[in-house]
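Undergrad: For reference, the file protein.cif (mmCIF, C-alpha atoms and all ligand atoms) is included below:
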```
data_final
loop_
_atom_site.label_atom_id
_atom_site.label_comp_id
_atom_site.auth_asym_id
_atom_site.auth_seq_id
_atom_site.Cartn_x
_atom_site.Cartn_y
_atom_site.Cartn_z
CA MET A 30 0.00 0.00 0.00
CA ARG A 31 1.36 3.39 -0.93
CA ALA A 32 1.95 5.97 1.79
CA ASN A 33 -1.02 8.09 0.68
CA GLU A 34 -3.40 5.11 0.61
CA LYS A 35 -2.15 3.98 4.03
CA TRP A 36 -2.70 7.47 5.43
CA ARG A 37 -6.28 7.50 4.06
CA ALA A 38 -7.03 4.00 5.31
CA GLU A 39 -5.84 4.98 8.77
CA GLY A 40 -8.08 8.03 8.65
CA VAL A 41 -11.11 5.91 7.71
CA ALA A 42 -10.35 3.45 10.53
CA ALA A 43 -10.01 6.31 13.02
CA ALA A 44 -13.33 7.77 11.86
CA ALA A 45 -15.06 4.38 12.05
CA ALA A 46 -13.90 4.00 15.66
CA GLN A 47 -15.95 7.07 16.59
CA PHE A 48 -19.25 5.36 15.69
CA LYS A 49 -19.87 4.04 19.18
CA GLU A 50 -23.62 3.41 18.91
CA GLU A 51 -25.48 0.92 16.75
CA VAL A 52 -27.18 3.89 15.04
CA THR A 53 -25.56 7.34 14.85
CA ILE A 54 -27.36 10.42 13.52
CA LEU A 55 -25.30 12.94 11.54
CA ASP A 56 -26.54 16.29 10.29
CA ALA A 57 -25.06 19.71 9.54
CA ALA A 58 -25.11 20.74 13.22
CA ALA A 59 -23.52 17.50 14.46
CA LEU A 60 -20.79 17.76 11.83
CA LYS A 61 -19.68 21.09 13.32
CA ARG A 62 -19.19 19.49 16.73
CA SER A 63 -16.69 17.11 18.26
CA PRO A 64 -15.80 14.40 17.41
CA TRP A 65 -17.03 14.73 13.83
CA ALA A 66 -15.73 18.22 12.97
CA GLN A 67 -12.03 17.34 13.04
CA LEU A 68 -12.20 13.76 11.81
CA ARG A 69 -10.05 13.63 8.68
CA GLY A 70 -11.26 10.18 7.52
CA LEU A 71 -14.97 10.92 7.81
CA ASP A 72 -15.41 12.18 4.24
CA ASP A 73 -13.76 9.07 2.82
CA LEU A 74 -15.84 6.81 5.05
CA ILE A 75 -19.26 8.37 4.34
CA ASP A 76 -18.53 9.05 0.66
CA GLY A 77 -17.43 5.42 0.31
CA LEU A 78 -20.75 4.22 1.75
CA GLY A 79 -22.57 6.67 -0.54
CA ARG A 80 -20.74 5.30 -3.59
CA ALA A 81 -21.52 1.71 -2.58
CA SER A 82 -25.19 2.65 -2.25
CA ALA A 83 -25.19 4.26 -5.69
CA ALA A 84 -23.52 1.20 -7.22
CA ALA A 85 -26.08 -1.11 -5.57
CA GLN A 86 -28.89 0.94 -7.12
CA GLY A 87 -27.25 1.33 -10.52
CA LEU A 88 -26.90 5.11 -10.12
CA LYS A 89 -24.12 7.02 -11.87
CA ALA A 90 -23.54 9.46 -9.03
CA ALA A 91 -23.77 9.09 -5.27
CA VAL A 92 -26.87 10.53 -3.59
CA THR A 93 -25.06 10.74 -0.26
CA THR A 94 -21.86 12.72 0.31
CA LEU A 95 -20.59 14.34 3.47
CA SER A 96 -20.15 17.74 1.81
CA HIS A 97 -23.83 17.70 0.80
CA LEU A 98 -24.82 16.76 4.34
CA ARG A 99 -22.75 19.62 5.78
CA ALA A 100 -24.57 22.13 3.58
CA GLY A 101 -28.18 21.01 3.90
CA ASP A 102 -31.07 20.10 6.16
CA GLN A 103 -30.85 16.33 5.77
CA ARG A 104 -30.15 13.69 8.40
CA LEU A 105 -27.95 10.66 7.88
CA TYR A 106 -28.55 7.58 10.03
CA VAL A 107 -25.48 5.34 10.08
CA TYR A 108 -25.65 1.72 11.20
CA THR A 109 -22.46 0.34 12.76
CA THR A 110 -21.56 -3.22 13.57
CA VAL A 111 -18.72 -4.59 15.70
CA GLU A 112 -16.34 -6.87 13.82
CA PRO A 113 -14.89 -10.06 15.36
CA ASP A 114 -11.59 -8.21 16.04
CA GLY A 115 -13.48 -5.55 18.03
CA SER A 116 -13.21 -2.81 15.41
CA ARG A 117 -16.31 -0.84 14.44
CA ALA A 118 -17.62 -0.94 10.88
CA PRO A 119 -20.29 1.47 9.60
CA ILE A 120 -22.15 -0.75 7.12
CA GLY A 121 -25.49 0.95 6.57
CA LEU A 122 -26.89 4.37 5.79
CA LEU A 123 -30.31 5.94 5.64
CA LYS A 124 -30.57 9.53 4.45
CA VAL A 125 -33.78 11.50 5.02
CA GLY A 126 -34.89 15.07 4.63
CA PRO A 127 -37.70 17.44 3.71
CA LYS A 128 -38.83 18.06 0.14
CA THR A 129 -41.76 19.88 -1.38
CA LEU A 130 -43.69 17.33 -3.40
CA TYR A 131 -46.76 17.41 -5.62
CA HIS A 132 -48.85 14.29 -5.57
CA TRP A 133 -51.55 13.21 -8.03
CA ASP A 134 -54.01 10.56 -6.95
CA ALA A 135 -55.62 8.01 -9.28
CA THR A 136 -58.57 10.33 -10.02
CA GLY A 137 -56.36 13.24 -11.08
CA ASN A 138 -56.65 15.30 -7.89
CA HIS A 139 -53.38 16.74 -6.75
CA ARG A 140 -52.02 18.30 -3.60
CA CYS A 141 -48.88 20.04 -2.50
CA LEU A 142 -46.91 18.49 0.33
CA PRO A 143 -44.48 21.12 1.64
CA ASN A 144 -41.68 19.93 3.92
CA GLN A 145 -42.61 16.34 3.29
CA LEU A 146 -40.33 13.92 5.15
CA CYS A 147 -38.64 11.75 2.51
CA VAL A 148 -36.32 8.75 2.41
CA LEU A 149 -33.60 9.80 -0.04
CA ASP A 150 -31.03 7.01 0.25
CA PHE A 151 -30.97 3.64 2.02
CA TYR A 152 -28.22 1.05 1.88
CA VAL A 153 -26.88 -1.93 3.81
CA ALA A 154 -23.58 -3.53 2.77
CA GLU A 155 -24.17 -6.60 0.62
CA ARG A 156 -22.57 -8.95 3.16
CA ALA A 157 -25.10 -7.88 5.81
CA GLN A 158 -28.29 -7.67 3.74
CA ARG A 159 -31.38 -9.75 4.63
CA GLN A 160 -30.27 -10.14 8.24
CA GLY A 161 -32.50 -7.47 9.79
CA VAL A 162 -29.96 -4.61 9.71
CA GLY A 163 -32.14 -2.48 7.44
CA ALA A 164 -35.14 -3.05 9.69
CA ARG A 165 -33.22 -1.92 12.79
CA LEU A 166 -31.83 1.14 11.01
CA PHE A 167 -35.24 2.10 9.64
CA ALA A 168 -36.95 1.61 13.02
CA ALA A 169 -34.33 3.87 14.66
CA PHE A 170 -35.11 6.58 12.10
CA LEU A 171 -38.87 6.34 12.66
CA ALA A 172 -38.42 6.48 16.44
CA ALA A 173 -36.01 9.44 16.30
CA GLU A 174 -38.34 11.45 14.06
CA SER A 175 -41.64 10.29 15.64
CA ALA A 176 -42.75 9.26 12.17
CA ALA A 177 -44.58 6.28 10.71
CA ALA A 178 -43.45 4.41 7.60
CA ALA A 179 -46.74 5.25 5.87
CA ALA A 180 -46.24 8.97 6.56
CA VAL A 181 -42.94 9.10 4.65
CA ALA A 182 -42.34 9.59 0.92
CA TYR A 183 -39.75 7.41 -0.85
CA ASP A 184 -37.51 8.74 -3.61
CA ARG A 185 -37.28 6.21 -6.47
CA PRO A 186 -37.52 3.13 -4.25
CA SER A 187 -35.70 0.11 -5.64
CA PRO A 188 -37.44 -3.28 -5.91
CA LYS A 189 -35.57 -4.27 -2.73
CA LEU A 190 -36.92 -1.27 -0.81
CA LEU A 191 -40.46 -1.89 -2.10
CA ALA A 192 -40.17 -5.50 -0.87
CA PHE A 193 -38.71 -4.27 2.43
CA LEU A 194 -41.63 -1.89 3.05
CA ARG A 195 -44.18 -4.53 2.12
CA LYS A 196 -42.59 -7.06 4.45
CA HIS A 197 -41.92 -4.90 7.52
CA TYR A 198 -44.74 -2.34 7.28
CA GLY A 199 -47.38 -3.96 5.08
CA LEU A 200 -47.14 -1.08 2.58
CA ALA A 201 -47.99 -2.02 -0.98
CA ARG A 202 -50.53 0.27 -2.69
CA TYR A 203 -49.58 3.58 -4.29
CA THR A 204 -50.26 5.62 -7.39
CA PRO A 205 -47.11 5.93 -9.56
CA GLN A 206 -45.91 9.53 -9.88
CA ARG A 207 -43.98 11.34 -12.60
CA ASN A 208 -41.44 12.47 -9.99
CA ASN A 209 -40.87 8.82 -9.04
CA TYR A 210 -41.58 9.43 -5.37
CA VAL A 211 -43.75 6.77 -3.78
CA ILE A 212 -46.41 7.78 -1.26
CA TYR A 213 -48.51 4.90 -0.02
CA GLU A 214 -52.29 5.06 0.09
CA GLU A 215 -52.20 4.79 3.89
CA PHE A 216 -50.62 8.26 3.93
CA PHE A 217 -53.90 9.81 2.90
CA GLY A 218 -56.15 7.72 5.14
CA GLY A 219 -59.12 9.90 6.03
CA ALA A 220 -57.61 13.14 4.65
CA LYS A 221 -59.55 14.91 1.89
CA CYS A 222 -57.92 15.59 -1.46
CA GLY A 223 -56.55 19.12 -1.56
CA ALA A 224 -55.76 19.16 2.15
CA LYS A 225 -53.29 21.94 2.83
CA ASN A 226 -51.55 20.44 5.81
CA GLY A 227 -49.70 17.61 4.14
CA ASP A 228 -46.50 18.48 5.94
CA ALA A 229 -48.07 18.39 9.38
CA LEU A 230 -49.81 15.14 8.51
CA ALA A 231 -46.55 13.55 7.45
CA ARG A 232 -44.79 14.48 10.67
CA ARG A 233 -47.50 13.11 12.96
CA PRO A 234 -47.21 9.54 14.22
CA LEU A 235 -49.89 7.24 12.86
CA THR A 236 -51.51 6.88 16.27
CA SER A 237 -52.42 10.57 16.26
CA ARG A 238 -54.01 10.09 12.84
CA GLY A 239 -56.22 7.33 14.15
CA VAL A 240 -54.26 4.47 12.57
CA HIS A 241 -53.07 1.73 14.92
N1 LIG B 301 -34.34 -8.98 -3.07
C1 LIG B 301 -35.62 -8.75 -2.71
N2 LIG B 301 -35.98 -8.21 -1.51
C2 LIG B 301 -34.98 -7.87 -0.67
C3 LIG B 301 -33.63 -8.07 -1.00
C4 LIG B 301 -33.34 -8.67 -2.25
N3 LIG B 301 -32.08 -8.93 -2.65
N4 LIG B 301 -32.87 -7.64 0.03
C5 LIG B 301 -33.72 -7.19 0.97
N5 LIG B 301 -35.00 -7.33 0.54
C6 LIG B 301 -36.23 -6.99 1.29
C7 LIG B 301 -37.07 -8.25 1.46
O1 LIG B 301 -38.38 -7.88 1.78
C8 LIG B 301 -36.40 -8.87 2.66
O2 LIG B 301 -37.18 -9.85 3.30
P1 LIG B 301 -36.92 -11.42 2.92
O3 LIG B 301 -35.46 -11.67 3.09
O4 LIG B 301 -37.80 -12.17 3.89
O5 LIG B 301 -37.36 -11.56 1.49
C9 LIG B 301 -36.20 -7.67 3.54
O6 LIG B 301 -35.89 -6.59 2.64
C10 LIG B 301 -35.06 -7.89 4.52
O7 LIG B 301 -35.16 -6.91 5.53
P2 LIG B 301 -33.80 -6.46 6.26
O8 LIG B 301 -32.88 -7.61 6.41
O9 LIG B 301 -34.19 -5.71 7.47
O10 LIG B 301 -33.25 -5.42 5.17
P3 LIG B 301 -31.74 -5.23 4.63
O11 LIG B 301 -30.79 -5.20 5.76
O12 LIG B 301 -31.48 -6.19 3.53
O13 LIG B 301 -31.84 -3.73 4.03
C11 LIG B 301 -32.11 -2.59 1.92
C12 LIG B 301 -32.80 -3.43 3.02
C13 LIG B 301 -33.14 -2.23 0.85
C14 LIG B 301 -31.56 -1.31 2.54
C15 LIG B 301 -30.95 -3.43 1.33
O14 LIG B 301 -31.47 -4.58 0.72
C16 LIG B 301 -30.09 -2.69 0.33
O15 LIG B 301 -29.16 -1.98 0.68
N6 LIG B 301 -30.36 -2.86 -0.99
C17 LIG B 301 -29.53 -2.26 -2.03
C18 LIG B 301 -29.73 -0.74 -2.12
C19 LIG B 301 -31.18 -0.39 -2.32
O16 LIG B 301 -31.90 -0.97 -3.12
N7 LIG B 301 -31.60 0.64 -1.56
C20 LIG B 301 -32.91 1.23 -1.63
C21 LIG B 301 -32.75 2.64 -2.09
S1 LIG B 301 -34.09 3.15 -3.09
#
```
Just give me the structure as structure tokens.
TA:
Amino acid sequence: MRANEKWRAEGVAAAAAQFKEEVTILDAAALKRSPWAQLRGLDDLIDGLGRASAAAQGLKAAVTTLSHLRAGDQRLYVYTTVEPDGSRAPIGLLKVGPKTLYHWDATGNHRCLPNQLCVLDFYVAERAQRQGVGARLFAAFLAAESAAAAAVAYDRPSPKLLAFLRKHYGLARYTPQRNNYVIYEEFFGGAKCGAKNGDALARRPLTSRGVH
């Protein structure tokens, strides 16, 4: 290994060691604080996960980069496992954030959903997939944001994510949109078309919307 590569690998290992919890939440504010602010390997670590996610989804460019996270209002949930040698390995990411969306239902009615909570990127390393890691990461996100899976919009969900949501949350029915976001029918349960408070609705837990 060349000196430069060794230096970078050491930086990534040092950054990984800082992920002490099973799920860590990073956002612009956290990245300005210790220990994340001065961690030289953090960009390589997160950008590497972002590239792996893009490759798994067949995307040309990564959706998740640390520089983008530093500049915006998105949250990155990082899942970390402990390797047999005791080292920590961040192996999963879930990026979420607000977007203004327009949604058309099957009858042609549309509504604006300002500040809609969206899943923007979701990835678990291939070696750990289908072992419940994604479910734990996703549940941590819902708990931290007091959200329900049906109250979230999904940006271009892959077939794996559609299967994941069907399996863990029973979500299956939606009207395909031109913007490729998926919003499940349960999102609108009881709300009239044209409702103006789509953002507030999305942020409320399902129990407060009368869904149990
Ligand atoms: N094919 C079909 N469904 C799959 C799948 C695959 N290769 N991998 C996961 N799933 C779905 C299935 O419903 C599966 O249940 P099953 O094994 O009983 O069929 C369920 O997810 C497993 O749940 P869990 O183990 O908690 O999820 P995970 O750790 O595998 O994480 C993803 C789920 C989607 C994050 C993960 O599969 C992944 O990173 N996929 C590649 C990237 C991707 O497609 N991301 C979605 C962004 S739009």
Undergrad: Give, as AutoDock Vina command-line options, the centre coordinates and the x, y and z edge lengths in Å to one decimal for an axis-aligned box around all listed atoms of ligand LIG 301 (chain B), padded by 5 Å on each side.
TA:
```
--center_x -33.8 --center_y -4.5 --center_z 2.2 --size_x 19.2 --size_y 25.3 --size_z 20.6
```
Undergrad: Closest to Gly161 in chain A among A:Tyr210, A:Tyr108, A:Tyr183, A:Phe216, using all atoms listed in the file?
TA: A:Tyr108
Undergrad: Between range 135-201 of chain A and range 53-69 of chain A, at 10 Å or less, what are the per-residue closest atom pairs and their distances in Å? Count all atoms listed in the file, order by chain and rising residue number, and return it as a Markdown table.
TA:
```
| residue | atom | partner | partner_atom | distance |
| --- | --- | --- | --- | --- |
| A:Leu166 | CA | A:Thr53 | CA | 9.6 |
| A:Ala169 | CA | A:Thr53 | CA | 9.4 |
| A:Phe170 | CA | A:Ile54 | CA | 8.8 |
| A:Ala173 | CA | A:Ile54 | CA | 9.1 |
```
Undergrad: Using only C-alpha atoms and all ligand atoms, what are the residues with an atom within 10 Å of ligand LIG 301 (chain B), set out as a ChimeraX atom specification?
TA: /A:81-87,92,120-124,148-168,183-197
Undergrad: Store the residues picked out above in a file with C-alpha atoms, as a PDB file, in the frame of the given file.
TA:
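The resulting file, part_37.pdb, is reproduced below:
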```
ATOM      1  CA  ALA A  81     -21.520   1.710  -2.580  1.00  0.00           C
ATOM      2  CA  SER A  82     -25.190   2.650  -2.250  1.00  0.00           C
ATOM      3  CA  ALA A  83     -25.190   4.260  -5.690  1.00  0.00           C
ATOM      4  CA  ALA A  84     -23.520   1.200  -7.220  1.00  0.00           C
ATOM      5  CA  ALA A  85     -26.080  -1.110  -5.570  1.00  0.00           C
ATOM      6  CA  GLN A  86     -28.890   0.940  -7.120  1.00  0.00           C
ATOM      7  CA  GLY A  87     -27.250   1.330 -10.520  1.00  0.00           C
ATOM      8  CA  VAL A  92     -26.870  10.530  -3.590  1.00  0.00           C
ATOM      9  CA  ILE A 120     -22.150  -0.750   7.120  1.00  0.00           C
ATOM     10  CA  GLY A 121     -25.490   0.950   6.570  1.00  0.00           C
ATOM     11  CA  LEU A 122     -26.890   4.370   5.790  1.00  0.00           C
ATOM     12  CA  LEU A 123     -30.310   5.940   5.640  1.00  0.00           C
ATOM     13  CA  LYS A 124     -30.570   9.530   4.450  1.00  0.00           C
ATOM     14  CA  VAL A 148     -36.320   8.750   2.410  1.00  0.00           C
ATOM     15  CA  LEU A 149     -33.600   9.800  -0.040  1.00  0.00           C
ATOM     16  CA  ASP A 150     -31.030   7.010   0.250  1.00  0.00           C
ATOM     17  CA  PHE A 151     -30.970   3.640   2.020  1.00  0.00           C
ATOM     18  CA  TYR A 152     -28.220   1.050   1.880  1.00  0.00           C
ATOM     19  CA  VAL A 153     -26.880  -1.930   3.810  1.00  0.00           C
ATOM     20  CA  ALA A 154     -23.580  -3.530   2.770  1.00  0.00           C
ATOM     21  CA  GLU A 155     -24.170  -6.600   0.620  1.00  0.00           C
ATOM     22  CA  ARG A 156     -22.570  -8.950   3.160  1.00  0.00           C
ATOM     23  CA  ALA A 157     -25.100  -7.880   5.810  1.00  0.00           C
ATOM     24  CA  GLN A 158     -28.290  -7.670   3.740  1.00  0.00           C
ATOM     25  CA  ARG A 159     -31.380  -9.750   4.630  1.00  0.00           C
ATOM     26  CA  GLN A 160     -30.270 -10.140   8.240  1.00  0.00           C
ATOM     27  CA  GLY A 161     -32.500  -7.470   9.790  1.00  0.00           C
ATOM     28  CA  VAL A 162     -29.960  -4.610   9.710  1.00  0.00           C
ATOM     29  CA  GLY A 163     -32.140  -2.480   7.440  1.00  0.00           C
ATOM     30  CA  ALA A 164     -35.140  -3.050   9.690  1.00  0.00           C
ATOM     31  CA  ARG A 165     -33.220  -1.920  12.790  1.00  0.00           C
ATOM     32  CA  LEU A 166     -31.830   1.140  11.010  1.00  0.00           C
ATOM     33  CA  PHE A 167     -35.240   2.100   9.640  1.00  0.00           C
ATOM     34  CA  ALA A 168     -36.950   1.610  13.020  1.00  0.00           C
ATOM     35  CA  TYR A 183     -39.750   7.410  -0.850  1.00  0.00           C
ATOM     36  CA  ASP A 184     -37.510   8.740  -3.610  1.00  0.00           C
ATOM     37  CA  ARG A 185     -37.280   6.210  -6.470  1.00  0.00           C
ATOM     38  CA  PRO A 186     -37.520   3.130  -4.250  1.00  0.00           C
ATOM     39  CA  SER A 187     -35.700   0.110  -5.640  1.00  0.00           C
ATOM     40  CA  PRO A 188     -37.440  -3.280  -5.910  1.00  0.00           C
ATOM     41  CA  LYS A 189     -35.570  -4.270  -2.730  1.00  0.00           C
ATOM     42  CA  LEU A 190     -36.920  -1.270  -0.810  1.00  0.00           C
ATOM     43  CA  LEU A 191     -40.460  -1.890  -2.100  1.00  0.00           C
ATOM     44  CA  ALA A 192     -40.170  -5.500  -0.870  1.00  0.00           C
ATOM     45  CA  PHE A 193     -38.710  -4.270   2.430  1.00  0.00           C
ATOM     46  CA  LEU A 194     -41.630  -1.890   3.050  1.00  0.00           C
ATOM     47  CA  ARG A 195     -44.180  -4.530   2.120  1.00  0.00           C
ATOM     48  CA  LYS A 196     -42.590  -7.060   4.450  1.00  0.00           C
ATOM     49  CA  HIS A 197     -41.920  -4.900   7.520  1.00  0.00           C
TER      50      HIS A 197
END
```
Undergrad: Please determine, counting all atoms listed in the file, which residue among A:Asp72, A:Ala135, A:Ala179, A:Val111 has the shortest atom-to-atom distance to Ser96 in chain A.
TA: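 Comparing A:Asp72, A:Ala135, A:Ala179, A:Val111 against Ser96 in chain A, the winner is A:Asp72.
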Undergrad: Give me, please, the distance in Å between CA of Trp36 in chain A and CA of Arg104 in chain A, quoted to one decimal.
TA: 28.3 Å
Undergrad: Complete range 127-137 of chain A with all heavy atoms (output as a PDB file, in the coordinates of the input).
TA:
```pdb
ATOM      1  N   PRO A 127     -36.452  16.865   4.208  1.00  0.00           N
ATOM      2  CA  PRO A 127     -37.700  17.440   3.710  1.00  0.00           C
ATOM      3  C   PRO A 127     -37.613  17.827   2.231  1.00  0.00           C
ATOM      4  O   PRO A 127     -36.584  18.303   1.770  1.00  0.00           O
ATOM      5  CB  PRO A 127     -37.872  18.687   4.584  1.00  0.00           C
ATOM      6  CG  PRO A 127     -36.474  19.105   4.896  1.00  0.00           C
ATOM      7  CD  PRO A 127     -35.629  17.855   4.933  1.00  0.00           C
ATOM      8  N   LYS A 128     -38.704  17.615   1.534  1.00  0.00           N
ATOM      9  CA  LYS A 128     -38.830  18.060   0.140  1.00  0.00           C
ATOM     10  C   LYS A 128     -40.247  18.576  -0.060  1.00  0.00           C
ATOM     11  O   LYS A 128     -41.174  18.100   0.604  1.00  0.00           O
ATOM     12  CB  LYS A 128     -38.621  16.891  -0.834  1.00  0.00           C
ATOM     13  CG  LYS A 128     -37.260  16.254  -0.800  1.00  0.00           C
ATOM     14  CD  LYS A 128     -36.289  16.979  -1.702  1.00  0.00           C
ATOM     15  CE  LYS A 128     -34.896  16.400  -1.540  1.00  0.00           C
ATOM     16  NZ  LYS A 128     -33.878  17.167  -2.229  1.00  0.00           N
ATOM     17  N   THR A 129     -40.406  19.489  -0.985  1.00  0.00           N
ATOM     18  CA  THR A 129     -41.760  19.880  -1.380  1.00  0.00           C
ATOM     19  C   THR A 129     -42.167  19.011  -2.554  1.00  0.00           C
ATOM     20  O   THR A 129     -41.492  18.999  -3.587  1.00  0.00           O
ATOM     21  CB  THR A 129     -41.795  21.370  -1.768  1.00  0.00           C
ATOM     22  OG1 THR A 129     -41.521  22.141  -0.594  1.00  0.00           O
ATOM     23  CG2 THR A 129     -43.168  21.753  -2.306  1.00  0.00           C
ATOM     24  N   LEU A 130     -43.248  18.271  -2.360  1.00  0.00           N
ATOM     25  CA  LEU A 130     -43.690  17.330  -3.400  1.00  0.00           C
ATOM     26  C   LEU A 130     -45.097  17.700  -3.859  1.00  0.00           C
ATOM     27  O   LEU A 130     -45.901  18.239  -3.091  1.00  0.00           O
ATOM     28  CB  LEU A 130     -43.721  15.906  -2.852  1.00  0.00           C
ATOM     29  CG  LEU A 130     -42.400  15.310  -2.354  1.00  0.00           C
ATOM     30  CD1 LEU A 130     -42.640  13.876  -1.873  1.00  0.00           C
ATOM     31  CD2 LEU A 130     -41.338  15.329  -3.438  1.00  0.00           C
ATOM     32  N   TYR A 131     -45.391  17.350  -5.103  1.00  0.00           N
ATOM     33  CA  TYR A 131     -46.760  17.410  -5.620  1.00  0.00           C
ATOM     34  C   TYR A 131     -47.200  15.985  -5.890  1.00  0.00           C
ATOM     35  O   TYR A 131     -46.442  15.205  -6.477  1.00  0.00           O
ATOM     36  CB  TYR A 131     -46.824  18.259  -6.892  1.00  0.00           C
ATOM     37  CG  TYR A 131     -46.579  19.717  -6.584  1.00  0.00           C
ATOM     38  CD1 TYR A 131     -45.281  20.230  -6.550  1.00  0.00           C
ATOM     39  CD2 TYR A 131     -47.645  20.561  -6.281  1.00  0.00           C
ATOM     40  CE1 TYR A 131     -45.047  21.554  -6.218  1.00  0.00           C
ATOM     41  CE2 TYR A 131     -47.417  21.891  -5.954  1.00  0.00           C
ATOM     42  CZ  TYR A 131     -46.118  22.378  -5.934  1.00  0.00           C
ATOM     43  OH  TYR A 131     -45.897  23.696  -5.599  1.00  0.00           O
ATOM     44  N   HIS A 132     -48.379  15.665  -5.424  1.00  0.00           N
ATOM     45  CA  HIS A 132     -48.850  14.290  -5.570  1.00  0.00           C
ATOM     46  C   HIS A 132     -50.194  14.270  -6.296  1.00  0.00           C
ATOM     47  O   HIS A 132     -51.103  15.032  -5.968  1.00  0.00           O
ATOM     48  CB  HIS A 132     -49.005  13.635  -4.183  1.00  0.00           C
ATOM     49  CG  HIS A 132     -49.458  12.211  -4.270  1.00  0.00           C
ATOM     50  ND1 HIS A 132     -50.796  11.857  -4.302  1.00  0.00           N
ATOM     51  CD2 HIS A 132     -48.750  11.058  -4.366  1.00  0.00           C
ATOM     52  CE1 HIS A 132     -50.882  10.543  -4.412  1.00  0.00           C
ATOM     53  NE2 HIS A 132     -49.664  10.039  -4.438  1.00  0.00           N
ATOM     54  N   TRP A 133     -50.292  13.414  -7.297  1.00  0.00           N
ATOM     55  CA  TRP A 133     -51.550  13.210  -8.030  1.00  0.00           C
ATOM     56  C   TRP A 133     -52.131  11.869  -7.628  1.00  0.00           C
ATOM     57  O   TRP A 133     -51.419  10.853  -7.648  1.00  0.00           O
ATOM     58  CB  TRP A 133     -51.274  13.209  -9.548  1.00  0.00           C
ATOM     59  CG  TRP A 133     -51.278  14.565 -10.156  1.00  0.00           C
ATOM     60  CD1 TRP A 133     -52.287  15.138 -10.878  1.00  0.00           C
ATOM     61  CD2 TRP A 133     -50.229  15.544 -10.114  1.00  0.00           C
ATOM     62  NE1 TRP A 133     -51.926  16.410 -11.273  1.00  0.00           N
ATOM     63  CE2 TRP A 133     -50.675  16.681 -10.824  1.00  0.00           C
ATOM     64  CE3 TRP A 133     -48.955  15.575  -9.528  1.00  0.00           C
ATOM     65  CZ2 TRP A 133     -49.906  17.826 -10.964  1.00  0.00           C
ATOM     66  CZ3 TRP A 133     -48.190  16.705  -9.659  1.00  0.00           C
ATOM     67  CH2 TRP A 133     -48.667  17.822 -10.375  1.00  0.00           C
ATOM     68  N   ASP A 134     -53.413  11.858  -7.257  1.00  0.00           N
ATOM     69  CA  ASP A 134     -54.010  10.560  -6.950  1.00  0.00           C
ATOM     70  C   ASP A 134     -54.594   9.953  -8.225  1.00  0.00           C
ATOM     71  O   ASP A 134     -54.538  10.556  -9.307  1.00  0.00           O
ATOM     72  CB  ASP A 134     -55.039  10.663  -5.807  1.00  0.00           C
ATOM     73  CG  ASP A 134     -56.290  11.431  -6.197  1.00  0.00           C
ATOM     74  OD1 ASP A 134     -56.544  11.597  -7.412  1.00  0.00           O
ATOM     75  OD2 ASP A 134     -57.014  11.867  -5.296  1.00  0.00           O
ATOM     76  N   ALA A 135     -55.183   8.749  -8.092  1.00  0.00           N
ATOM     77  CA  ALA A 135     -55.620   8.010  -9.280  1.00  0.00           C
ATOM     78  C   ALA A 135     -56.741   8.725 -10.027  1.00  0.00           C
ATOM     79  O   ALA A 135     -56.953   8.475 -11.221  1.00  0.00           O
ATOM     80  CB  ALA A 135     -56.074   6.604  -8.862  1.00  0.00           C
ATOM     81  N   THR A 136     -57.462   9.630  -9.351  1.00  0.00           N
ATOM     82  CA  THR A 136     -58.570  10.330 -10.020  1.00  0.00           C
ATOM     83  C   THR A 136     -58.142  11.681 -10.585  1.00  0.00           C
ATOM     84  O   THR A 136     -58.973  12.438 -11.076  1.00  0.00           O
ATOM     85  CB  THR A 136     -59.750  10.537  -9.045  1.00  0.00           C
ATOM     86  OG1 THR A 136     -59.287  11.351  -7.953  1.00  0.00           O
ATOM     87  CG2 THR A 136     -60.277   9.224  -8.510  1.00  0.00           C
ATOM     88  N   GLY A 137     -56.849  12.000 -10.492  1.00  0.00           N
ATOM     89  CA  GLY A 137     -56.360  13.240 -11.080  1.00  0.00           C
ATOM     90  C   GLY A 137     -56.288  14.409 -10.108  1.00  0.00           C
ATOM     91  O   GLY A 137     -55.823  15.485 -10.469  1.00  0.00           O
TER      92      GLY A 137
END
```
